[in-house]
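Asker: To start, I am sharing the structure in question, which I have written as structure tokens.
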Number of protein chains: 4
Amino acid sequence: MTQSHPNEHRWPGVTIAVLGGDEREQEIARLATLTGANVRAFGFPWPSCGIDGVDLVDSAEAACRDADFVLMPIPLPQTDGSIFSTEKIVPRAELLSLLKTPANIITGVSDDGMRTAAESLSIGVHEYEHDQSLMLLRGPAIVEAALKTIIENTRITIHMASIGVVGQGNIGSLLARTLIALGARVTVAARNPIQRAAAYAAGAETVTIDELASAAKNLDMILSTVPAPIVTPAVIDELPPTALVMDLSAPPGGVDLDYAKSTGRPAIWARALGRRAPITVGGSQWSGISKIIDTILREQKT
Amino acid sequence: MTQSHPNEHRWPGVTIAVLGGDEREQEIARLATLTGANVRAFGFPWPSCGIDGVDLVDSAEAACRDADFVLMPIPLPQTDGSIFSTEKIVPRAELLSLLKTPANIITGVSDDGMRTAAESLSIGVHEYEHDQSLMLLRGPAIVEAALKTIIENTRITIHMASIGVVGQGNIGSLLARTLIALGARVTVAARNPIQRAAAYAAGAETVTIDELASAAKNLDMILSTVPAPIVTPAVIDELPPTALVMDLSAPPGGVDLDYAKSTGRPAIWARALGRRAPITVGGSQWSGISKIIDTILREQKT
Amino acid sequence: MTQSHPNEHRWPGVTIAVLGGDEREQEIARLATLTGANVRAFGFPWPSCGIDGVDLVDSAEAACRDADFVLMPIPLPQTDGSIFSTEKIVPRAELLSLLKTPANIITGVSDDGMRTAAESLSIGVHEYEHDQSLMLLRGPAIVEAALKTIIENTRITIHMASIGVVGQGNIGSLLARTLIALGARVTVAARNPIQRAAAYAAGAETVTIDELASAAKNLDMILSTVPAPIVTPAVIDELPPTALVMDLSAPPGGVDLDYAKSTGRPAIWARALGRRAPITVGGSQWSGISKIIDTILREQKT
Amino acid sequence: MTQSHPNEHRWPGVTIAVLGGDEREQEIARLATLTGANVRAFGFPWPSCGIDGVDLVDSAEAACRDADFVLMPIPLPQTDGSIFSTEKIVPRAELLSLLKTPANIITGVSDDGMRTAAESLSIGVHEYEHDQSLMLLRGPAIVEAALKTIIENTRITIHMASIGVVGQGNIGSLLARTLIALGARVTVAARNPIQRAAAYAAGAETVTIDELASAAKNLDMILSTVPAPIVTPAVIDELPPTALVMDLSAPPGGVDLDYAKSTGRPAIWARALGRRAPITVGGSQWSGISKIIDTILREQKT
């Protein structure tokens, strides 16, 4: 069975609005109800069988009215301030003023407009996208989504393929180890010698960023996890003509995919990897969200 | 780089017809040209950029005329005798009589009609689908295709999931080991105590077929590789209500998928796994095909 | 926790003599008492704290008198018929005639003298050394013992070392997979193409026996699991001058260790690997022994 | 083959003294000669076949006279200031004044006396023990030495054993991953939630330090990598009576081994793990040492 999420928390009388998101928010809302809280949902895909104990409401306003907490999703809001959701939601003063006092927003990341509006209303804003432990807990889901994308876009096996992995942060290092476990011959390119040493200990060959172009000629595919221009035309030109070029990094990305395509190589931006395994990942995110709520509620009591 | 296929063979003056198939036949045809043979293609998906040195012809007849060898694909012919191909090809006496004398058919499997026609014309028929070493070489491709299907059809990660694998033949044992490498908790069900012992040594829990129903209640998914009725309604009923039920076996399959669907559980027949990684797998198949051709040519010389 | 050994068997009134052996027999004797049987011990290392419920007796005769079953260890008896034990025990008619009628010997392997004596007394002889499932269950213990021997005898890490593994039977294939999991680059040499294909699927490079000498020049160590002369002087001469040469096979072994030593290379016969992890392995052996006893007792009842 | 150490450095005319150490210093001295430097050795185990190009001298004074660099080993000097060596060497002003001007000491760690003496003579002191990338490169060697110690001190297999690993620094995390790869069920105890999340992603169960005592009852062995009192009598008392208790941390260690022994449990301090695989590890250390020397020489030129 997957990681268990015992809900040690008991929050009867607390109202939580879940605004926006994707399939992960279904699991987050479901777990939230297990605390005894009132949970309202708006703006994420609603399962045909509903979610036990969660009220689906018909507007962001209905969700927020007198709520103690608003949960918003991980992706960065658009430039117009609207959050990632199935219907347009712009969390500004008009909407947030409907919340109870005191109230708190718990979100992956916030933008300036959200923070300004919240501050004017004395509403707390708590971000968890940069919580490294949550990122690590989501790691296997993201890597499995990347495996699926690789398998869909290659005509050779991962097993025994020569694969370059650029970057050795949380995702890059887990990706490299997973590919090795599947039988790939992995070459890691990383700027940081500590990361290269860790990749060596994990069974990878390692190169510096400067050495990447000369290593490229032996790679069947190159996967970048770094949002910086490392997989440049100079690197791409050295790859075999059929090598897969894939960017796993967040926008704006780090790979010159247009150039790669112009050379005839398959070039893919692996997007939305975070949506893989929404039950597992929603559960991980809830473990972080629930700790934040719990801390706030304890402080309010004292 | 992937497994290399040095073509030590030199067969100038030999004509090879590649009839039917899928993307694997593109690689087989390409590798065949490297021997110096004349290679003609008909009835498999043709890449927009062509295949260097291979002649795409417009009928099975044009492909077979005066050819020394006919290659046909792995899947079993349909009941009307037509082989797996993009256009209808029925290899009977009318078509086969166009071949040179002597000639040989190399095919995954044959049916009675093909064998009878070939025998009447003194054409040899050589099957390789049941070559266990070729099946093992194709194993990683098949398992990777299965991984993709699992990832597409689950809302939890393979990592830390409890997965039942039924059967420990070539594919079942490689699948179990691969899932363990990805962090799954694997329970193997197999009839043969030697296979169960091997699965234990590989890190799996093991149960007999009789014990499968009682083990089922803790499984997040069950994957069957056995074309026999082992994952029965009695087993399915014990699975958690959201557990994935997947059949990886060849037709007629071994899982009661209709029953699984009727209970609301996601139920998938993982088909066409053999088409994953056509370059790797085509190369493996060519290594078997080329050995057969080589043996025939040596015998003809003596 | 390690593999559990629930003793579903209940054999009150049955007397079992455990003769000879090593630390594994301590666990076998202990597990035997849990069935309710009377258990007597002679000829294996006795733990200072004793074994609950087991009678340590002072002669083989005292152990055998009126016993229903005699357990003897896995190693082949010496040429004089004496079994592997801390004191000399030769199971011939004089000793075996003390057993109850009917009686049964359960032993790893028997020799002619034991079988002749038993037959003359109508005593059954049951061997389990060649039970492949028991061998597989013991596999991890044997491979861990081999790892210890490798680590003791090398000045480089297994991680990233180039290691040749000769043979892909039960132990060779598990050894190769384990070394790969530890980060080694493994080249498997095996005569059988099916075994080579399985080794390829497990992540190894593969060579035929004929190709071993030319592959040897890149190996940091070579480990043979085959009791046949494959690692010959011609192969040894190609190894780097400091490469470890190790024979894991049963006597008479398959590696010319004397030649390897004469060239200055470290050369080791990894003996007694079967004694590693006596609790785990004794438990596995007991699972086989207890099934044999159970079958005999059921047949006697009918 | 093991990690290559191409000596891109060319230092003719430079004199390097290698003082003290163990088998690693044999490899360090050998690699140092490949730069064209003069290399003198004293105070470490001398191989019977010598080391090509290295001068074995008969005193620390002979080694230091007019040398540009002195290399000293990783272990902390004794309280009397003597370094880890086969003969007593105390690097104080009397000895260090024999060096050329300018000169530099490169050592794992230094003590106050060494630093004071060096400062008075304007000799540079460069430590590398705390270089995290070197520690990571040595990781596989240390973990393999730990595996050997575990295998020597247990009567069950690592495979399928329940193993607690305390601490998730460089060594703890690599140890946990390696044990998982060998088939163990690993429970990681770590204070830091980020480290616990990384251990979860690597396939371990995780507990906080507070939860360790209650997790202990299911552990076949507990391995601590933390030099702090975490494996206390309260934890040890919860372990099964035969569980192995092992401390892998540097002195003063973190496990109450005396208490563990008093309860009858096997209790081991795994010492000198750093000496495993001296060629691999000496090579890693040389990669760090040579970069330091190279930087110093470049600065001297400018």
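The way I read the labels, and the way they are meant: chains A, B, ... in the order of the structure tokens, residue 1 as the first residue of every chain, and ligand 1 as the first ligand shown, with later ones counted on from there.
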Chain B residues within 9 Å of chain A, counting only C-alpha atoms: which ones, as a ChimeraX atom specification?
Answerer: /B:1-3,23,140-141,144-145,147-149,151-152,154-163,178,181-183,185,218-220,276-281
Asker: With only C-alpha atoms as the counted atoms, please give the residues lying no more than 12 Å from Val125 in chain A, apart from itself and same-chain residues fewer than 2 positions off, as a ChimeraX atom specification.
Answerer: /A:69-72,91,96,102-123,127-128,292-293,296
Asker: Find the residues near Gly43 in chain A: any atom within 7 Å, counting only C-alpha atoms, skip ones fewer than 3 places away on the same chain, and give them as a PDB file with N, CA and C atoms, in the first residue's frame.
Answerer:
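Generated file (out-v4.pdb):
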```pdb
ATOM      1  N   LEU A  19      -9.601  25.854  -3.738  1.00  0.00           N
ATOM      2  CA  LEU A  19      -9.840  26.612  -4.977  1.00  0.00           C
ATOM      3  C   LEU A  19      -8.846  26.216  -6.049  1.00  0.00           C
ATOM      4  N   GLY A  20      -9.344  25.809  -7.208  1.00  0.00           N
ATOM      5  CA  GLY A  20      -8.455  25.523  -8.326  1.00  0.00           C
ATOM      6  C   GLY A  20      -7.673  24.242  -8.140  1.00  0.00           C
ATOM      7  N   GLY A  21      -6.874  23.922  -9.193  1.00  0.00           N
ATOM      8  CA  GLY A  21      -6.017  22.753  -9.110  1.00  0.00           C
ATOM      9  C   GLY A  21      -6.395  21.672 -10.092  1.00  0.00           C
ATOM     10  N   SER A  85      -6.852  26.698 -12.634  1.00  0.00           N
ATOM     11  CA  SER A  85      -8.154  26.152 -12.241  1.00  0.00           C
ATOM     12  C   SER A  85      -9.016  25.919 -13.470  1.00  0.00           C
ATOM     13  N   THR A  86     -10.114  25.206 -13.284  1.00  0.00           N
ATOM     14  CA  THR A  86     -11.001  24.914 -14.412  1.00  0.00           C
ATOM     15  C   THR A  86     -11.889  26.110 -14.753  1.00  0.00           C
ATOM     16  N   GLU A  87     -12.043  27.046 -13.801  1.00  0.00           N
ATOM     17  CA  GLU A  87     -12.769  28.289 -14.090  1.00  0.00           C
ATOM     18  C   GLU A  87     -11.936  29.447 -13.558  1.00  0.00           C
TER      19      GLU A  87
END
```
Asker: With a distance cut-off of 9 Å and only C-alpha atoms, select the neighbouring residues of Pro77 in chain B, excluding the residue or stretch itself and same-chain residues fewer than 3 positions from it, and output the selection as JSON, numbers by chain.
Answerer: {"B": [74, 80, 81, 82, 83, 84, 90, 109, 110, 111]}
Asker: Residues of the last selection are to be written out with N, CA and C atoms, as a PDB file, in the first residue's frame.
Answerer:
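Result saved to result-v1.pdb:
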```pdb
ATOM      1  N   ILE B  74       5.977 -11.437 -36.255  1.00  0.00           N
ATOM      2  CA  ILE B  74       5.782 -12.327 -35.111  1.00  0.00           C
ATOM      3  C   ILE B  74       4.322 -12.707 -34.864  1.00  0.00           C
ATOM      4  N   ASP B  80      -8.182 -16.209 -41.414  1.00  0.00           N
ATOM      5  CA  ASP B  80      -8.238 -16.335 -42.875  1.00  0.00           C
ATOM      6  C   ASP B  80      -6.849 -16.492 -43.481  1.00  0.00           C
ATOM      7  N   GLY B  81      -5.820 -16.623 -42.634  1.00  0.00           N
ATOM      8  CA  GLY B  81      -4.476 -16.843 -43.143  1.00  0.00           C
ATOM      9  C   GLY B  81      -3.699 -15.580 -43.424  1.00  0.00           C
ATOM     10  N   SER B  82      -4.336 -14.412 -43.294  1.00  0.00           N
ATOM     11  CA  SER B  82      -3.622 -13.171 -43.604  1.00  0.00           C
ATOM     12  C   SER B  82      -2.687 -12.814 -42.452  1.00  0.00           C
ATOM     13  N   ILE B  83      -1.521 -12.333 -42.823  1.00  0.00           N
ATOM     14  CA  ILE B  83      -0.530 -12.005 -41.798  1.00  0.00           C
ATOM     15  C   ILE B  83      -0.745 -10.582 -41.308  1.00  0.00           C
ATOM     16  N   PHE B  84      -0.085 -10.260 -40.198  1.00  0.00           N
ATOM     17  CA  PHE B  84      -0.184  -8.925 -39.609  1.00  0.00           C
ATOM     18  C   PHE B  84       0.513  -7.943 -40.542  1.00  0.00           C
ATOM     19  N   VAL B  90      -1.877 -12.852 -47.926  1.00  0.00           N
ATOM     20  CA  VAL B  90      -2.165 -14.233 -47.529  1.00  0.00           C
ATOM     21  C   VAL B  90      -1.123 -15.134 -48.196  1.00  0.00           C
ATOM     22  N   VAL B 109       5.578 -17.018 -36.227  1.00  0.00           N
ATOM     23  CA  VAL B 109       4.889 -18.308 -36.185  1.00  0.00           C
ATOM     24  C   VAL B 109       4.209 -18.513 -37.532  1.00  0.00           C
ATOM     25  N   SER B 110       3.938 -19.751 -37.863  1.00  0.00           N
ATOM     26  CA  SER B 110       3.240 -20.063 -39.112  1.00  0.00           C
ATOM     27  C   SER B 110       1.882 -20.655 -38.766  1.00  0.00           C
ATOM     28  N   ASP B 111       0.998 -20.709 -39.781  1.00  0.00           N
ATOM     29  CA  ASP B 111      -0.258 -21.453 -39.587  1.00  0.00           C
ATOM     30  C   ASP B 111      -0.267 -22.642 -40.538  1.00  0.00           C
TER      31      ASP B 111
END
```
Asker: Just asking: which residues within range 168-275 of chain C are helix (DSSP H, G or I) according to DSSP, as number ranges by chain?
Answerer: C: 170-181, 193-201, 212-216, 233-236, 257-262, 273-275
Asker: For the residues selected in the previous step, produce a file with C-alpha atoms as a short mmCIF file (atom, residue, chain, number, x, y, z; two decimals), in the first residue's frame.
Answerer:
```cif
data_model
loop_
_atom_site.label_atom_id
_atom_site.label_comp_id
_atom_site.auth_asym_id
_atom_site.auth_seq_id
_atom_site.Cartn_x
_atom_site.Cartn_y
_atom_site.Cartn_z
CA ASN C 170 21.23 -20.18 -9.93
CA ILE C 171 24.22 -18.60 -8.22
CA GLY C 172 25.87 -16.98 -11.23
CA SER C 173 22.76 -15.13 -12.29
CA LEU C 174 21.98 -13.88 -8.77
CA LEU C 175 25.63 -12.89 -8.29
CA ALA C 176 25.64 -10.91 -11.55
CA ARG C 177 22.44 -9.07 -10.66
CA THR C 178 23.70 -8.28 -7.16
CA LEU C 179 27.01 -6.90 -8.44
CA ILE C 180 25.11 -4.73 -10.93
CA ALA C 181 22.95 -3.44 -8.07
CA PRO C 193 22.47 -18.31 -25.45
CA ILE C 194 19.32 -18.30 -23.30
CA GLN C 195 21.42 -17.58 -20.22
CA ARG C 196 23.27 -14.85 -22.08
CA ALA C 197 19.98 -13.28 -23.14
CA ALA C 198 18.73 -13.37 -19.54
CA ALA C 199 21.98 -11.73 -18.38
CA TYR C 200 21.55 -9.03 -21.02
CA ALA C 201 18.00 -8.38 -19.80
CA LEU C 212 36.10 -14.60 -22.72
CA ALA C 213 39.85 -14.35 -23.28
CA SER C 214 39.52 -11.20 -25.35
CA ALA C 215 37.08 -9.66 -22.86
CA ALA C 216 39.44 -10.47 -19.99
CA PRO C 233 45.73 -20.00 -18.32
CA ALA C 234 44.88 -18.49 -21.73
CA VAL C 235 42.15 -16.41 -20.09
CA ILE C 236 44.19 -15.60 -16.99
CA LEU C 257 44.08 -21.06 -9.33
CA ASP C 258 47.62 -22.41 -9.12
CA TYR C 259 48.40 -20.91 -12.50
CA ALA C 260 46.78 -17.61 -11.51
CA LYS C 261 48.91 -17.46 -8.35
CA SER C 262 52.05 -18.30 -10.34
CA LEU C 273 29.92 -19.90 1.21
CA GLY C 274 26.97 -22.06 2.24
CA ARG C 275 27.68 -21.40 5.94
#
```
